[in-house]
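Chemist: The following block contains the structure, expressed as structure tokens.
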Amino acid sequence: MRILIAEDDRKTAVFLRNGFVESGFVVDVAVNGGDALFLAATGDYDLIILDVMLPQCDGWSVLEKLRSAGKQTPVLFLTARDAISDRVKGLELGADDYLVKPFTFSELRARVRALLRRGPSRLPETLCIADLKIDLAQQKVARSGVRINLTGKEFRLLSLFARRAGEVLPRTLIAEQVWDMNFDSDTNVVDVAVRRLRSKVDDPFDPKLIHSVRGMGYVLEAR
């Protein structure tokens, strides 16, 4: 599942992004309304989390333009504007839910899952590739029924691979999604992390699932 988060407060954006990545989502972030509108209009997202008070183009305008263009992607407003009139306006413009700051991440995640269950694509709680089973809700991993203990970063990395199984993921994307960092070509943090993940998930088992693609990145698939 892919989520777009439109939030101009960078601390909040990082908090949300990390929370949803740890829950197994693929996440993009926009810090202004112009970028949010472009990404939402051109990208294939399962849900958009939208702040109202965005620079360049506010959340109301972003949603109005998306709905006018026929985009029916579920939208959840996440904002400090708590007046009843603001909530009504958001819903009348076509928002699917409205959550007021401050909030707890557990409530936000529950609302996101509820919205996704309404649509044609139900958010899976478990991913299976060959004999690999990943329980996203409980953050448990097993192969051939054998429990595998992973660190938080390792689980995020494996979840990213599994969410996009069969797709070659560049190191830049992996670094952004798992470490929330701009990739430095002199750093081998991704390669080191993949080696450690392989030692737990692949080395003791067959078939091997995590494959290197020379000059491109990594892919998780059963060959």
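Residue numbers start at 1 in each chain; chains themselves are named A, B, ... in the order of the structure tokens; ligands are numbered from 1 in the order shown.
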For the structure I just gave you, how does DSSP split segment 138-195 of chain A - specifically, which residues are alpha helix (DSSP H)? Reply as a ChimeraX atom specification.

Modeler: /A:152-163,171-174,189-195

Chemist: Name the residues in contact with segment 9-20 of chain A at a cut-off of 9 Å, using only C-alpha atoms, excluding same-chain residues fewer than 5 positions from it; report them as a list in words.

Modeler: Ile3, Phe25, Val26, Val27, Asp28, Val29, Ala30, Val31, Phe105, Arg109, Gln177, Val178, Trp179 and Asp180 of chain A

Chemist: Env of Gly166 of chain A: 9 Å cut, atoms = only C-alpha atoms, seq-sep filter 2 positions within chain, self excluded. Answer as an MDAnalysis selection string.

Modeler: chainID A and resid 161:162 164 168 219:222

Chemist: To one decimal place, how far is atom CA of Tyr45 of chain A from atom CA of Arg2 of chain A in Å?

Modeler: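 Computed distance, atom CA of Tyr45 of chain A to atom CA of Arg2 of chain A, equals 5.1 Å.
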
Chemist: Go through A:Val21, A:Ala114, A:Val52, A:Val88 and flag the residue nearest Met1 of chain A, using only C-alpha atoms for the distances.

Modeler: A:Val21

Chemist: Between atom CA of Glu167 of chain A and atom CA of Glu22 of chain A, measure the distance and give it in Å to one decimal.

Modeler: 19.5 Å

Chemist: Could you check which of A:Leu197, A:Asp202, A:Ser85, A:Leu93 is closest to Ser68 of chain A, using only C-alpha atoms?

Modeler: A:Leu93

Chemist: How many Å lie between atom CA of Gly94 of chain A and atom CA of Thr42 of chain A, rounded to one decimal?

Modeler: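 It comes out at 18.7 Å.
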
Chemist: Write down as a PDB file with N, CA and C atoms, in the first residue's frame the residues belonging to segment 93-176 of chain A that are assigned strand (DSSP E or B) by DSSP computed on the backbone.

Modeler:
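Generated output (states.pdb):
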```pdb
ATOM      1  N   ASP A  97     -12.196  11.373   5.840  1.00  0.00           N
ATOM      2  CA  ASP A  97     -12.093  11.407   7.295  1.00  0.00           C
ATOM      3  C   ASP A  97     -11.359  12.686   7.688  1.00  0.00           C
ATOM      4  N   TYR A  98     -11.438  13.035   8.982  1.00  0.00           N
ATOM      5  CA  TYR A  98     -10.891  14.294   9.467  1.00  0.00           C
ATOM      6  C   TYR A  98     -10.408  14.053  10.887  1.00  0.00           C
ATOM      7  N   LEU A  99      -9.107  14.194  11.120  1.00  0.00           N
ATOM      8  CA  LEU A  99      -8.536  13.971  12.440  1.00  0.00           C
ATOM      9  C   LEU A  99      -7.814  15.237  12.891  1.00  0.00           C
ATOM     10  N   VAL A 100      -8.111  15.675  14.115  1.00  0.00           N
ATOM     11  CA  VAL A 100      -7.573  16.935  14.619  1.00  0.00           C
ATOM     12  C   VAL A 100      -6.296  16.686  15.426  1.00  0.00           C
ATOM     13  N   THR A 126      -0.830  -9.869   6.397  1.00  0.00           N
ATOM     14  CA  THR A 126       0.260 -10.832   6.254  1.00  0.00           C
ATOM     15  C   THR A 126       0.703 -10.894   4.797  1.00  0.00           C
ATOM     16  N   LEU A 127       2.011 -10.918   4.591  1.00  0.00           N
ATOM     17  CA  LEU A 127       2.576 -11.072   3.259  1.00  0.00           C
ATOM     18  C   LEU A 127       3.303 -12.410   3.200  1.00  0.00           C
ATOM     19  N   CYS A 128       3.136 -13.134   2.094  1.00  0.00           N
ATOM     20  CA  CYS A 128       3.785 -14.432   1.919  1.00  0.00           C
ATOM     21  C   CYS A 128       4.505 -14.468   0.572  1.00  0.00           C
ATOM     22  N   ILE A 129       5.780 -14.777   0.600  1.00  0.00           N
ATOM     23  CA  ILE A 129       6.568 -14.978  -0.615  1.00  0.00           C
ATOM     24  C   ILE A 129       7.295 -16.306  -0.438  1.00  0.00           C
ATOM     25  N   LEU A 132       8.298 -17.658   3.004  1.00  0.00           N
ATOM     26  CA  LEU A 132       8.491 -16.518   3.901  1.00  0.00           C
ATOM     27  C   LEU A 132       7.139 -15.918   4.264  1.00  0.00           C
ATOM     28  N   LYS A 133       6.900 -15.760   5.559  1.00  0.00           N
ATOM     29  CA  LYS A 133       5.640 -15.178   6.047  1.00  0.00           C
ATOM     30  C   LYS A 133       5.960 -13.980   6.920  1.00  0.00           C
ATOM     31  N   ILE A 134       5.351 -12.824   6.580  1.00  0.00           N
ATOM     32  CA  ILE A 134       5.582 -11.591   7.325  1.00  0.00           C
ATOM     33  C   ILE A 134       4.252 -11.107   7.896  1.00  0.00           C
ATOM     34  N   ASP A 135       4.155 -11.074   9.202  1.00  0.00           N
ATOM     35  CA  ASP A 135       2.964 -10.565   9.886  1.00  0.00           C
ATOM     36  C   ASP A 135       3.213  -9.085  10.164  1.00  0.00           C
ATOM     37  N   LYS A 140       6.122  -9.902  12.963  1.00  0.00           N
ATOM     38  CA  LYS A 140       6.751 -11.206  13.129  1.00  0.00           C
ATOM     39  C   LYS A 140       7.098 -11.779  11.761  1.00  0.00           C
ATOM     40  N   VAL A 141       8.212 -12.491  11.711  1.00  0.00           N
ATOM     41  CA  VAL A 141       8.702 -13.067  10.452  1.00  0.00           C
ATOM     42  C   VAL A 141       9.045 -14.535  10.688  1.00  0.00           C
ATOM     43  N   ALA A 142       8.710 -15.370   9.695  1.00  0.00           N
ATOM     44  CA  ALA A 142       9.058 -16.794   9.775  1.00  0.00           C
ATOM     45  C   ALA A 142       9.319 -17.331   8.377  1.00  0.00           C
ATOM     46  N   ARG A 143      10.200 -18.341   8.304  1.00  0.00           N
ATOM     47  CA  ARG A 143      10.393 -19.086   7.064  1.00  0.00           C
ATOM     48  C   ARG A 143      10.264 -20.562   7.373  1.00  0.00           C
ATOM     49  N   VAL A 146       9.781 -21.403  10.838  1.00  0.00           N
ATOM     50  CA  VAL A 146      10.823 -21.078  11.816  1.00  0.00           C
ATOM     51  C   VAL A 146      10.823 -19.575  12.066  1.00  0.00           C
ATOM     52  N   ARG A 147      10.651 -19.176  13.320  1.00  0.00           N
ATOM     53  CA  ARG A 147      10.607 -17.760  13.677  1.00  0.00           C
ATOM     54  C   ARG A 147      11.973 -17.118  13.448  1.00  0.00           C
ATOM     55  N   ILE A 148      11.986 -15.925  12.854  1.00  0.00           N
ATOM     56  CA  ILE A 148      13.210 -15.170  12.593  1.00  0.00           C
ATOM     57  C   ILE A 148      13.124 -13.853  13.348  1.00  0.00           C
ATOM     58  N   LEU A 169      14.535  -2.569  -6.478  1.00  0.00           N
ATOM     59  CA  LEU A 169      14.535  -1.338  -5.696  1.00  0.00           C
ATOM     60  C   LEU A 169      15.935  -0.739  -5.680  1.00  0.00           C
ATOM     61  N   PRO A 170      16.100   0.473  -6.181  1.00  0.00           N
ATOM     62  CA  PRO A 170      17.415   1.122  -6.149  1.00  0.00           C
ATOM     63  C   PRO A 170      17.843   1.417  -4.712  1.00  0.00           C
TER      64      PRO A 170
END
```

Chemist: Which of these residues is nearest to Leu76 of chain A, using only C-alpha atoms: A:Ser106, A:Lys89, A:Val112, A:Lys208?

Modeler: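 Nearest to Leu76 of chain A: A:Val112.
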